[in-house]
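Below is the file start14.cif, which contains mmCIF, C-alpha atoms.
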```cif
data_model
#
loop_
_atom_site.label_atom_id
_atom_site.label_comp_id
_atom_site.auth_asym_id
_atom_site.auth_seq_id
_atom_site.Cartn_x
_atom_site.Cartn_y
_atom_site.Cartn_z
CA MET A 1 -15.59 -21.06 74.25
CA ARG A 2 -14.69 -17.41 73.77
CA GLY A 3 -17.37 -14.76 74.10
CA ARG A 4 -19.24 -13.22 71.20
CA SER A 5 -19.32 -9.54 70.32
CA THR A 6 -22.01 -7.39 68.75
CA VAL A 7 -19.87 -5.84 66.00
CA LEU A 8 -21.37 -4.99 62.63
CA PRO A 9 -21.19 -7.78 60.03
CA ASP A 10 -18.32 -7.81 57.59
CA PRO A 11 -19.15 -6.55 54.07
CA ASN A 12 -18.01 -9.97 52.82
CA SER A 13 -20.24 -11.92 55.20
CA LEU A 14 -22.09 -13.50 52.30
CA TYR A 15 -19.30 -13.79 49.72
CA GLY A 16 -15.59 -13.03 49.37
CA PRO A 17 -12.45 -13.21 51.54
CA LEU A 18 -13.29 -13.34 55.24
CA ASP A 19 -12.01 -14.42 58.63
CA PRO A 20 -15.07 -16.42 59.68
CA ALA A 21 -14.63 -16.56 63.47
CA PRO A 22 -14.67 -12.77 64.09
CA ASP A 23 -17.52 -12.48 61.61
CA ALA A 24 -19.42 -15.04 63.70
CA GLY A 25 -19.00 -12.74 66.71
CA TYR A 26 -16.01 -14.17 68.55
CA GLU A 27 -13.85 -11.66 70.41
CA ASP A 28 -10.09 -12.26 70.42
CA ALA A 29 -10.54 -15.39 68.32
CA PRO A 30 -7.44 -17.60 67.92
CA PRO A 31 -5.88 -18.11 64.47
CA ARG A 32 -8.01 -20.06 62.05
CA MET A 33 -7.07 -23.74 62.06
CA GLY A 34 -7.42 -26.24 59.24
CA PHE A 35 -6.12 -29.16 57.18
CA PHE A 36 -3.70 -29.30 54.27
CA THR A 37 -3.87 -32.70 52.59
CA ASP A 38 -0.90 -33.47 50.31
CA THR A 39 -2.17 -36.27 48.08
CA SER A 40 1.28 -36.77 46.54
CA VAL A 41 2.42 -38.64 49.67
CA CYS A 42 -0.86 -40.41 50.54
CA ILE A 43 -0.35 -44.19 50.58
CA GLY A 44 -4.01 -45.14 51.05
CA CYS A 45 -3.46 -46.86 54.38
CA LYS A 46 -6.81 -45.60 55.77
CA ALA A 47 -5.28 -44.88 59.18
CA CYS A 48 -7.15 -41.56 59.11
CA GLU A 49 -10.48 -43.32 58.57
CA VAL A 50 -9.87 -45.67 61.48
CA ALA A 51 -8.62 -42.92 63.82
CA CYS A 52 -11.63 -40.75 63.00
CA LYS A 53 -14.05 -43.54 63.76
CA GLU A 54 -12.32 -44.54 66.98
CA TRP A 55 -12.06 -41.04 68.44
CA ASN A 56 -15.52 -39.81 67.43
CA GLY A 57 -17.40 -43.06 67.97
CA VAL A 58 -18.55 -43.18 64.34
CA PRO A 59 -20.39 -46.43 63.50
CA GLU A 60 -18.64 -48.89 61.23
CA SER A 61 -19.30 -48.71 57.50
CA GLY A 62 -17.58 -49.40 54.22
CA LEU A 63 -17.19 -53.14 54.73
CA ASP A 64 -18.77 -53.89 51.35
CA LEU A 65 -16.91 -54.74 48.16
CA LEU A 66 -17.98 -51.94 45.84
CA GLY A 67 -16.09 -53.09 42.76
CA MET A 68 -14.16 -49.80 42.85
CA SER A 69 -10.61 -50.94 43.49
CA TYR A 70 -9.72 -50.84 47.19
CA ASP A 71 -12.14 -47.98 47.88
CA ASN A 72 -14.61 -49.76 50.14
CA THR A 73 -16.16 -46.65 51.71
CA GLY A 74 -17.11 -45.09 48.39
CA ALA A 75 -17.82 -41.53 49.57
CA LEU A 76 -18.15 -39.27 52.57
CA THR A 77 -21.25 -40.30 54.51
CA ALA A 78 -22.78 -39.89 57.94
CA ASN A 79 -20.75 -42.93 59.00
CA SER A 80 -17.56 -42.07 57.06
CA TRP A 81 -16.27 -38.62 58.01
CA ARG A 82 -12.96 -39.39 56.27
CA HIS A 83 -12.91 -41.11 52.89
CA VAL A 84 -9.73 -42.36 51.25
CA ALA A 85 -10.32 -42.38 47.52
CA PHE A 86 -8.39 -44.84 45.32
CA ILE A 87 -8.22 -43.76 41.68
CA GLU A 88 -6.55 -46.10 39.19
CA GLN A 89 -5.14 -44.42 36.11
CA PRO A 90 -3.74 -46.49 33.24
CA ARG A 91 -2.00 -43.98 31.00
CA PRO A 92 0.67 -43.94 28.27
CA ALA A 93 4.19 -43.30 29.46
CA GLY A 94 5.16 -39.69 28.97
CA HIS A 95 1.67 -38.32 29.64
CA ARG A 96 2.33 -35.01 31.39
CA ALA A 97 5.17 -35.56 33.87
CA PRO A 98 7.37 -38.51 32.78
CA PRO A 99 6.68 -41.30 35.31
CA PHE A 100 9.58 -43.22 36.82
CA VAL A 101 12.18 -41.14 34.98
CA GLY A 102 15.33 -43.18 34.34
CA THR A 103 14.34 -46.16 36.46
CA PRO A 104 12.80 -48.73 34.07
CA THR A 105 15.29 -48.21 31.24
CA GLU A 106 18.52 -48.28 33.22
CA GLY A 107 20.23 -51.38 34.59
CA SER A 108 20.48 -52.45 38.19
CA ALA A 109 23.35 -51.22 40.31
CA SER A 110 25.19 -54.49 39.88
CA ALA A 111 24.68 -58.18 39.33
CA ALA A 112 25.66 -58.76 42.94
CA SER A 113 22.88 -56.51 44.21
CA ALA A 114 20.41 -58.37 42.00
CA VAL A 115 21.53 -61.63 43.58
CA VAL A 116 20.87 -60.23 47.04
CA ALA A 117 17.51 -58.77 46.02
CA ALA A 118 16.36 -62.03 44.46
CA ARG A 119 17.68 -64.05 47.44
CA THR A 120 19.35 -66.49 45.05
CA GLY A 121 22.75 -66.58 46.72
CA GLY A 122 22.07 -69.97 48.21
CA ARG A 123 19.48 -72.61 49.00
CA THR A 124 17.52 -70.98 51.82
CA GLY A 125 14.74 -73.53 51.99
CA THR A 126 12.12 -70.82 52.48
CA ASP A 127 9.87 -72.36 49.81
CA PRO A 128 9.81 -76.12 50.47
CA GLY A 129 9.79 -78.16 47.29
CA VAL A 130 10.48 -75.12 45.06
CA PRO A 131 13.97 -74.39 43.74
CA THR A 132 15.28 -71.00 44.82
CA GLY A 133 17.07 -70.18 41.59
CA ALA A 134 20.68 -69.45 40.81
CA PRO A 135 23.03 -66.45 40.97
CA SER A 136 23.60 -66.67 37.24
CA ALA A 137 19.91 -66.11 36.62
CA ALA A 138 19.89 -63.05 38.84
CA ALA A 139 22.95 -61.73 37.03
CA GLY A 140 21.15 -62.23 33.73
CA MET A 141 18.22 -60.30 35.11
CA ALA A 142 20.52 -57.38 35.90
CA ALA A 143 22.07 -57.50 32.44
CA GLY A 144 18.78 -56.68 30.70
CA GLY A 145 17.72 -57.73 27.22
CA PRO A 146 14.66 -59.66 25.99
CA VAL A 147 13.70 -62.45 28.35
CA ASP A 148 10.79 -64.79 28.91
CA VAL A 149 8.55 -64.79 31.99
CA LEU A 150 11.04 -66.89 33.91
CA GLY A 151 13.98 -64.61 33.23
CA ALA A 152 15.70 -66.67 30.55
CA PRO A 153 17.01 -65.05 27.35
CA MET A 154 14.54 -65.55 24.51
CA GLY A 155 15.34 -68.55 22.33
CA ALA A 156 17.75 -70.13 24.78
CA GLY A 157 17.93 -73.84 25.49
CA PRO A 158 17.17 -75.73 28.70
CA ALA A 159 19.35 -75.55 31.78
CA ASP A 160 19.47 -77.03 35.26
CA PRO A 161 16.79 -75.17 37.27
CA ILE A 162 18.80 -75.35 40.52
CA THR A 163 22.41 -74.78 39.57
CA GLY A 164 21.87 -72.68 36.46
CA SER A 165 24.39 -74.82 34.57
CA GLY A 166 23.94 -76.50 31.23
CA GLY A 167 25.06 -74.17 28.49
CA GLY A 168 24.30 -70.97 30.40
CA ALA A 169 20.88 -70.55 28.80
CA GLY A 170 17.28 -71.65 29.05
CA PRO A 171 14.53 -71.03 31.58
CA GLN A 172 15.86 -70.56 35.10
CA PHE A 173 13.44 -70.24 38.01
CA LEU A 174 14.22 -67.28 40.26
CA GLY A 175 11.86 -68.14 43.07
CA MET A 176 9.75 -65.04 42.28
CA PRO A 177 7.09 -64.20 39.67
CA GLY A 178 8.25 -62.13 36.74
CA ALA A 179 11.85 -61.70 35.74
CA GLN A 180 12.13 -57.95 35.26
CA PRO A 181 10.47 -54.74 36.36
CA PRO A 182 7.92 -53.36 33.87
CA GLY A 183 9.61 -51.75 30.89
CA ARG A 184 13.09 -53.14 31.59
CA GLY A 185 13.06 -55.24 28.45
CA THR A 186 10.83 -53.10 26.23
CA GLY A 187 11.86 -49.54 27.07
CA ALA A 188 9.69 -46.59 27.99
CA GLU A 189 8.38 -46.09 24.45
CA GLY A 190 6.56 -49.39 24.31
CA ARG A 191 5.32 -49.38 27.91
CA THR A 192 1.91 -48.36 29.17
CA ASP A 193 2.13 -46.86 32.59
CA PHE A 194 -0.18 -47.15 35.56
CA ARG A 195 -0.51 -45.07 38.69
CA TRP A 196 -2.61 -44.72 41.80
CA LEU A 197 -4.09 -41.42 42.88
CA MET A 198 -5.05 -41.50 46.54
CA MET A 199 -6.73 -38.76 48.53
CA SER A 200 -8.17 -38.58 52.02
CA ASP A 201 -11.30 -36.49 51.54
CA VAL A 202 -13.03 -34.64 54.38
CA CYS A 203 -15.44 -31.77 55.09
CA LYS A 204 -13.94 -28.54 53.70
CA HIS A 205 -15.06 -26.26 56.59
CA CYS A 206 -15.79 -23.50 54.08
CA THR A 207 -15.28 -19.83 54.82
CA HIS A 208 -18.81 -19.26 53.55
CA ALA A 209 -20.62 -22.40 54.66
CA ALA A 210 -23.98 -22.79 52.94
CA CYS A 211 -24.93 -25.60 55.32
CA LEU A 212 -24.62 -23.21 58.25
CA ASP A 213 -26.60 -20.48 56.47
CA VAL A 214 -29.65 -22.67 55.80
CA CYS A 215 -29.82 -24.52 59.15
CA PRO A 216 -33.13 -23.51 60.79
CA THR A 217 -32.36 -24.77 64.31
CA GLY A 218 -28.81 -23.50 64.88
CA SER A 219 -27.54 -27.06 65.00
CA LEU A 220 -24.66 -26.04 62.74
CA PHE A 221 -22.41 -23.38 64.24
CA ARG A 222 -19.07 -21.70 63.59
CA THR A 223 -16.39 -22.37 66.18
CA GLU A 224 -13.76 -19.93 67.40
CA PHE A 225 -11.25 -21.84 65.25
CA GLY A 226 -13.21 -21.07 62.07
CA THR A 227 -14.50 -24.63 61.67
CA VAL A 228 -18.13 -25.73 61.21
CA VAL A 229 -19.62 -28.24 63.64
CA VAL A 230 -22.97 -30.05 63.86
CA GLN A 231 -24.64 -30.28 67.26
CA GLU A 232 -26.49 -33.55 66.83
CA ASP A 233 -28.72 -33.00 69.88
CA ILE A 234 -30.25 -29.91 68.20
CA CYS A 235 -30.50 -31.26 64.64
CA ASN A 236 -34.10 -31.93 63.60
CA GLY A 237 -33.19 -33.89 60.46
CA CYS A 238 -34.70 -31.40 57.99
CA GLY A 239 -31.93 -32.08 55.48
CA TYR A 240 -31.55 -28.50 54.25
CA CYS A 241 -27.80 -28.57 54.88
CA ILE A 242 -27.39 -31.66 52.70
CA SER A 243 -28.73 -30.01 49.57
CA ALA A 244 -26.94 -26.73 50.36
CA CYS A 245 -23.40 -28.16 50.58
CA PRO A 246 -21.58 -27.58 47.25
CA TYR A 247 -19.28 -30.55 47.97
CA GLY A 248 -21.89 -33.14 48.93
CA VAL A 249 -20.21 -33.71 52.29
CA ILE A 250 -23.06 -33.80 54.80
CA ASP A 251 -25.24 -36.89 55.06
CA GLN A 252 -28.11 -38.17 57.18
CA ARG A 253 -27.72 -41.25 59.31
CA LYS A 254 -30.38 -43.71 58.24
CA ASP A 255 -31.38 -44.90 61.69
CA ASP A 256 -32.05 -41.46 63.20
CA GLY A 257 -32.30 -39.02 60.27
CA ARG A 258 -29.88 -36.47 61.74
CA ALA A 259 -27.01 -34.88 59.83
CA TRP A 260 -23.39 -35.81 60.60
CA LYS A 261 -19.99 -34.75 59.31
CA CYS A 262 -16.38 -34.04 60.31
CA THR A 263 -16.00 -31.69 63.29
CA LEU A 264 -12.24 -31.29 62.78
CA CYS A 265 -12.11 -32.89 66.24
CA TYR A 266 -13.41 -29.74 67.95
CA ASP A 267 -13.04 -31.38 71.37
CA ARG A 268 -9.34 -31.99 70.71
CA LEU A 269 -8.72 -28.50 69.33
CA GLY A 270 -10.06 -26.95 72.50
CA VAL A 271 -7.31 -28.55 74.59
CA GLY A 272 -4.50 -27.98 72.07
CA MET A 273 -4.45 -31.48 70.57
CA THR A 274 -4.07 -32.44 66.91
CA PRO A 275 -7.15 -33.93 65.19
CA ALA A 276 -7.16 -37.72 65.28
CA CYS A 277 -6.76 -38.23 61.52
CA ALA A 278 -3.73 -35.96 61.24
CA GLN A 279 -2.21 -37.52 64.36
CA ALA A 280 -2.54 -41.00 62.84
CA CYS A 281 -1.30 -40.21 59.31
CA PRO A 282 2.07 -42.01 58.91
CA THR A 283 3.30 -39.95 55.91
CA GLU A 284 2.06 -36.53 57.07
CA SER A 285 -0.19 -36.36 54.05
CA ILE A 286 -2.75 -34.77 56.39
CA GLN A 287 -1.21 -31.70 57.99
CA TYR A 288 -2.94 -29.64 60.66
CA GLY A 289 -2.14 -26.13 61.79
CA GLU A 290 -2.84 -22.44 61.35
CA LEU A 291 -4.46 -21.95 57.96
CA ASP A 292 -2.21 -19.11 56.82
CA GLU A 293 0.89 -21.16 57.62
CA LEU A 294 -0.55 -24.21 55.85
CA ARG A 295 -1.19 -22.16 52.72
CA GLU A 296 2.43 -21.01 52.67
CA ARG A 297 3.62 -24.56 53.22
CA ALA A 298 1.37 -25.84 50.43
CA ALA A 299 2.62 -23.23 47.95
CA ALA A 300 6.20 -24.23 48.71
CA ARG A 301 5.35 -27.90 48.23
CA VAL A 302 3.77 -27.24 44.82
CA ALA A 303 6.85 -25.27 43.77
CA THR A 304 9.06 -28.19 44.82
CA LEU A 305 7.00 -30.68 42.84
CA HIS A 306 7.10 -28.45 39.77
CA GLU A 307 10.89 -28.30 40.05
CA ARG A 308 10.94 -32.10 40.16
CA GLY A 309 8.94 -32.35 36.95
CA VAL A 310 5.46 -32.94 38.39
CA ALA A 311 3.87 -30.21 36.32
CA GLU A 312 0.29 -31.29 37.07
CA ALA A 313 0.54 -30.59 40.82
CA ARG A 314 -1.94 -27.90 41.87
CA LEU A 315 -3.77 -26.66 44.95
CA TYR A 316 -7.52 -26.94 45.45
CA GLY A 317 -9.60 -24.94 47.91
CA HIS A 318 -6.78 -22.66 49.06
CA ASP A 319 -7.87 -19.43 47.34
CA PRO A 320 -9.81 -16.95 49.54
CA ASN A 321 -11.26 -15.45 46.36
CA ASP A 322 -12.92 -18.63 45.11
CA GLY A 323 -16.63 -19.39 45.21
CA VAL A 324 -16.68 -20.36 48.89
CA GLY A 325 -14.11 -17.87 50.18
CA GLY A 326 -11.48 -20.57 50.50
CA ASP A 327 -11.68 -23.85 52.40
CA GLY A 328 -10.48 -24.61 55.89
CA ALA A 329 -9.44 -28.02 54.54
CA PHE A 330 -7.67 -27.78 51.19
CA PHE A 331 -5.70 -30.18 49.01
CA LEU A 332 -2.69 -30.66 46.77
CA LEU A 333 -3.92 -32.64 43.76
CA LEU A 334 -2.06 -34.39 40.95
CA ASP A 335 -4.87 -34.15 38.41
CA GLU A 336 -8.05 -32.22 37.69
CA PRO A 337 -10.50 -31.91 40.63
CA GLU A 338 -13.13 -33.89 38.74
CA VAL A 339 -10.83 -36.93 38.74
CA TYR A 340 -11.08 -36.95 42.55
CA GLY A 341 -14.84 -36.38 42.52
CA LEU A 342 -14.50 -32.70 43.51
CA PRO A 343 -16.45 -29.86 41.88
CA PRO A 344 -14.17 -27.71 39.70
CA ASP A 345 -15.72 -24.40 40.78
CA PRO A 346 -17.82 -24.70 43.96
CA VAL A 347 -19.97 -21.68 44.79
CA VAL A 348 -21.82 -20.94 48.03
CA THR A 349 -25.51 -20.28 47.48
CA THR A 350 -25.45 -17.10 49.58
CA ARG A 351 -23.39 -15.41 46.86
CA ASP A 352 -26.60 -14.47 45.04
CA LEU A 353 -28.67 -13.77 48.14
CA PRO A 354 -28.52 -9.93 47.94
CA ALA A 355 -29.53 -9.98 44.27
CA MET A 356 -32.33 -12.44 45.04
CA TRP A 357 -33.73 -10.23 47.82
CA LYS A 358 -33.45 -7.18 45.58
CA ARG A 359 -35.41 -8.88 42.82
CA ALA A 360 -37.99 -10.14 45.30
CA GLY A 361 -38.40 -6.61 46.70
CA LEU A 362 -38.81 -5.11 43.25
CA ALA A 363 -41.36 -7.77 42.37
CA ALA A 364 -43.31 -7.04 45.58
CA LEU A 365 -43.29 -3.30 44.85
CA ALA A 366 -44.46 -3.93 41.30
CA MET A 367 -47.32 -6.10 42.55
CA ALA A 368 -48.31 -3.48 45.14
CA ALA A 369 -48.25 -0.73 42.52
CA ALA A 370 -50.39 -2.81 40.18
CA THR A 371 -52.87 -3.52 42.97
CA VAL A 372 -53.17 0.19 43.84
CA ALA A 373 -53.54 1.10 40.17
CA ALA A 374 -56.32 -1.47 39.77
CA PHE A 375 -58.28 -0.07 42.75
CA VAL A 376 -57.78 3.54 41.64
CA GLY A 377 -58.80 2.73 38.09
CA GLY A 378 -61.87 0.81 39.28
CA SER A 379 -63.09 3.55 41.56
CA SER A 380 -62.82 6.20 38.86
#
```
File written out as structure tokens:
Amino acid sequence: MRGRSTVLPDPNSLYGPLDPAPDAGYEDAPPRMGFFTDTSVCIGCKACEVACKEWNGVPESGLDLLGMSYDNTGALTANSWRHVAFIEQPRPAGHRAPPFVGTPTEGSASAASAVVAARTGGRTGTDPGVPTGAPSAAAGMAAGGPVDVLGAPMGAGPADPITGSGGGAGPQFLGMPGAQPPGRGTGAEGRTDFRWLMMSDVCKHCTHAACLDVCPTGSLFRTEFGTVVVQEDICNGCGYCISACPYGVIDQRKDDGRAWKCTLCYDRLGVGMTPACAQACPTESIQYGELDELRERAAARVATLHERGVAEARLYGHDPNDGVGGDGAFFLLLDEPEVYGLPPDPVVTTRDLPAMWKRAGLAALAMAAATVAAFVGGSS
């Protein structure tokens, strides 16, 4: 760990843009490191959750069925330092950015490709006792038009389920449920759309960390990389940090009462390694690096998505002028922050600390003046 200096505190130590490591007293601190999580490419695989638990020895949790889609962890807790949120959004087609532009209303590349995709080119025997369908049925699927659930044109007569012969009409089993992709027969106007929003949530490692400010034992400390870490052997379980966090990240472990949260794999950072969650992410939704570089990369990604018609793409936690001075772990979101369970305008409690002390001082002076006036008036 690099040594600390005795320089004067930064004027923005309590609120505003700040490089937190030098402000904490580190001399020759390295660049601030952090996370950029691009939710537009998150697939909800939970590899980050598993990697976090394995590397940090976090106890198992989230094995309950919560009735909230596939989100079985529910929230960030003392035993879930990474939380992959699954948000299901039924919405009308055309809401904001047009979903699946051109795909549901246009035909397949060819009838031949449909045959290959449906595996109806021949009797494969992969489903014993079930007919595999016929090439003519797959070709009809590619041709479009109103069909029933088995892929047959509406109002058609019966046909041989194996050969597809017999008048060229009627129900024909394709060996797969559903004959067409959603909207192929109805068009975009009559289709209701559905999408998943997935996000791997984590501690934000705020520039102005209220949890660190209120900790009475020094258990929470700022690292030379600008991150915030809990030293569990010093934590006394007072819980002040839990109520101070504007994001609701920190939590107490029920069996020992101490506070736990993401450390951004401080032990790995010290030897030049990537945090476990970012290392395990298969789509690079979680990106790790120097914070300034990540912010540039994130801005470019948002611009790219806007060019592609995803007008709702926006960054969250990237602005050094926001209520917490910017986050060390920020996100690209595809909807409002509240949809993901994030506060729209988080503010660190130390923002009002100077004004609070000023008012307290004025109140103390007023009380002292009143006391003196009472004694002087009584003696006269």
Apply the PyMOL selection byres ((chain A and resi 264-273) around 12) to the structure shown and report the selected residues as a PDB file with C-alpha atoms, keeping the file's coordinate frame.
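Below is the file expr-v6.pdb, written as the result:
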```pdb
ATOM      1  CA  MET A   1     -15.590 -21.060  74.250  1.00  0.00           C
ATOM      2  CA  ARG A   2     -14.690 -17.410  73.770  1.00  0.00           C
ATOM      3  CA  PRO A  30      -7.440 -17.600  67.920  1.00  0.00           C
ATOM      4  CA  PRO A  31      -5.880 -18.110  64.470  1.00  0.00           C
ATOM      5  CA  ARG A  32      -8.010 -20.060  62.050  1.00  0.00           C
ATOM      6  CA  MET A  33      -7.070 -23.740  62.060  1.00  0.00           C
ATOM      7  CA  GLY A  34      -7.420 -26.240  59.240  1.00  0.00           C
ATOM      8  CA  PHE A  35      -6.120 -29.160  57.180  1.00  0.00           C
ATOM      9  CA  ALA A  51      -8.620 -42.920  63.820  1.00  0.00           C
ATOM     10  CA  CYS A  52     -11.630 -40.750  63.000  1.00  0.00           C
ATOM     11  CA  LYS A  53     -14.050 -43.540  63.760  1.00  0.00           C
ATOM     12  CA  GLU A  54     -12.320 -44.540  66.980  1.00  0.00           C
ATOM     13  CA  TRP A  55     -12.060 -41.040  68.440  1.00  0.00           C
ATOM     14  CA  ASN A  56     -15.520 -39.810  67.430  1.00  0.00           C
ATOM     15  CA  GLY A  57     -17.400 -43.060  67.970  1.00  0.00           C
ATOM     16  CA  TRP A  81     -16.270 -38.620  58.010  1.00  0.00           C
ATOM     17  CA  ARG A  82     -12.960 -39.390  56.270  1.00  0.00           C
ATOM     18  CA  VAL A 202     -13.030 -34.640  54.380  1.00  0.00           C
ATOM     19  CA  CYS A 203     -15.440 -31.770  55.090  1.00  0.00           C
ATOM     20  CA  LYS A 204     -13.940 -28.540  53.700  1.00  0.00           C
ATOM     21  CA  HIS A 205     -15.060 -26.260  56.590  1.00  0.00           C
ATOM     22  CA  PHE A 221     -22.410 -23.380  64.240  1.00  0.00           C
ATOM     23  CA  ARG A 222     -19.070 -21.700  63.590  1.00  0.00           C
ATOM     24  CA  THR A 223     -16.390 -22.370  66.180  1.00  0.00           C
ATOM     25  CA  GLU A 224     -13.760 -19.930  67.400  1.00  0.00           C
ATOM     26  CA  PHE A 225     -11.250 -21.840  65.250  1.00  0.00           C
ATOM     27  CA  GLY A 226     -13.210 -21.070  62.070  1.00  0.00           C
ATOM     28  CA  THR A 227     -14.500 -24.630  61.670  1.00  0.00           C
ATOM     29  CA  VAL A 228     -18.130 -25.730  61.210  1.00  0.00           C
ATOM     30  CA  VAL A 229     -19.620 -28.240  63.640  1.00  0.00           C
ATOM     31  CA  VAL A 230     -22.970 -30.050  63.860  1.00  0.00           C
ATOM     32  CA  GLN A 231     -24.640 -30.280  67.260  1.00  0.00           C
ATOM     33  CA  LYS A 261     -19.990 -34.750  59.310  1.00  0.00           C
ATOM     34  CA  CYS A 262     -16.380 -34.040  60.310  1.00  0.00           C
ATOM     35  CA  THR A 263     -16.000 -31.690  63.290  1.00  0.00           C
ATOM     36  CA  THR A 274      -4.070 -32.440  66.910  1.00  0.00           C
ATOM     37  CA  PRO A 275      -7.150 -33.930  65.190  1.00  0.00           C
ATOM     38  CA  ALA A 276      -7.160 -37.720  65.280  1.00  0.00           C
ATOM     39  CA  CYS A 277      -6.760 -38.230  61.520  1.00  0.00           C
ATOM     40  CA  ALA A 278      -3.730 -35.960  61.240  1.00  0.00           C
ATOM     41  CA  GLN A 279      -2.210 -37.520  64.360  1.00  0.00           C
ATOM     42  CA  ILE A 286      -2.750 -34.770  56.390  1.00  0.00           C
ATOM     43  CA  TYR A 288      -2.940 -29.640  60.660  1.00  0.00           C
ATOM     44  CA  GLY A 289      -2.140 -26.130  61.790  1.00  0.00           C
ATOM     45  CA  GLU A 290      -2.840 -22.440  61.350  1.00  0.00           C
ATOM     46  CA  GLY A 328     -10.480 -24.610  55.890  1.00  0.00           C
ATOM     47  CA  ALA A 329      -9.440 -28.020  54.540  1.00  0.00           C
TER      48      ALA A 329
END
```
Subject >> Selection: 12 Å around A:Glu336, only C-alpha atoms, excl. self and same-chain fewer than 2 positions, as a list in words >> reply: Leu197, Glu312, Ala313, Arg314, Leu315, Tyr316, Phe331, Leu332, Leu333, Leu334, Glu338, Val339, Tyr340, Gly341, Leu342, Pro343, Pro344 and Asp345 of chain A
Got time to write the residues from that selection, C-alpha atoms, as a PDB file, in the coordinates of the input?
```
ATOM      1  CA  LEU A 197      -4.090 -41.420  42.880  1.00  0.00           C
ATOM      2  CA  GLU A 312       0.290 -31.290  37.070  1.00  0.00           C
ATOM      3  CA  ALA A 313       0.540 -30.590  40.820  1.00  0.00           C
ATOM      4  CA  ARG A 314      -1.940 -27.900  41.870  1.00  0.00           C
ATOM      5  CA  LEU A 315      -3.770 -26.660  44.950  1.00  0.00           C
ATOM      6  CA  TYR A 316      -7.520 -26.940  45.450  1.00  0.00           C
ATOM      7  CA  PHE A 331      -5.700 -30.180  49.010  1.00  0.00           C
ATOM      8  CA  LEU A 332      -2.690 -30.660  46.770  1.00  0.00           C
ATOM      9  CA  LEU A 333      -3.920 -32.640  43.760  1.00  0.00           C
ATOM     10  CA  LEU A 334      -2.060 -34.390  40.950  1.00  0.00           C
ATOM     11  CA  GLU A 338     -13.130 -33.890  38.740  1.00  0.00           C
ATOM     12  CA  VAL A 339     -10.830 -36.930  38.740  1.00  0.00           C
ATOM     13  CA  TYR A 340     -11.080 -36.950  42.550  1.00  0.00           C
ATOM     14  CA  GLY A 341     -14.840 -36.380  42.520  1.00  0.00           C
ATOM     15  CA  LEU A 342     -14.500 -32.700  43.510  1.00  0.00           C
ATOM     16  CA  PRO A 343     -16.450 -29.860  41.880  1.00  0.00           C
ATOM     17  CA  PRO A 344     -14.170 -27.710  39.700  1.00  0.00           C
ATOM     18  CA  ASP A 345     -15.720 -24.400  40.780  1.00  0.00           C
TER      19      ASP A 345
END
```
Original post:
What is the atom CA of A:Ala360 to atom CA of A:Ala374 distance in Å?
Top reply: 21.0 Å
**OP:** On this file, the PyMOL selection byres ((chain A and resi 17-24) around 6) gives some set of residues; write that set as a ChimeraX atom specification.
**Re:** /A:16,25-26,207,224,226,320-321,325
Keeping only C-alpha atoms, take the residues you just selected and write them out as an mmCIF file, in the coordinates of the input.
```cif
data_model
loop_
_atom_site.group_PDB
_atom_site.id
_atom_site.type_symbol
_atom_site.label_atom_id
_atom_site.label_comp_id
_atom_site.auth_asym_id
_atom_site.auth_seq_id
_atom_site.Cartn_x
_atom_site.Cartn_y
_atom_site.Cartn_z
ATOM 1 C CA GLY A 16 -15.590 -13.030 49.370
ATOM 2 C CA GLY A 25 -19.000 -12.740 66.710
ATOM 3 C CA TYR A 26 -16.010 -14.170 68.550
ATOM 4 C CA THR A 207 -15.280 -19.830 54.820
ATOM 5 C CA GLU A 224 -13.760 -19.930 67.400
ATOM 6 C CA GLY A 226 -13.210 -21.070 62.070
ATOM 7 C CA PRO A 320 -9.810 -16.950 49.540
ATOM 8 C CA ASN A 321 -11.260 -15.450 46.360
ATOM 9 C CA GLY A 325 -14.110 -17.870 50.180
#
```
Original post:
Rounded to one decimal in Å, what is the spacing between atom CA of A:Arg258 and atom CA of A:Tyr70?
Top reply: 28.7 Å
Original post:
Could you state the separation of atom CA of A:Val84 and atom CA of A:Lys46 in Å, given to one decimal place?
Top reply: 6.3 Å
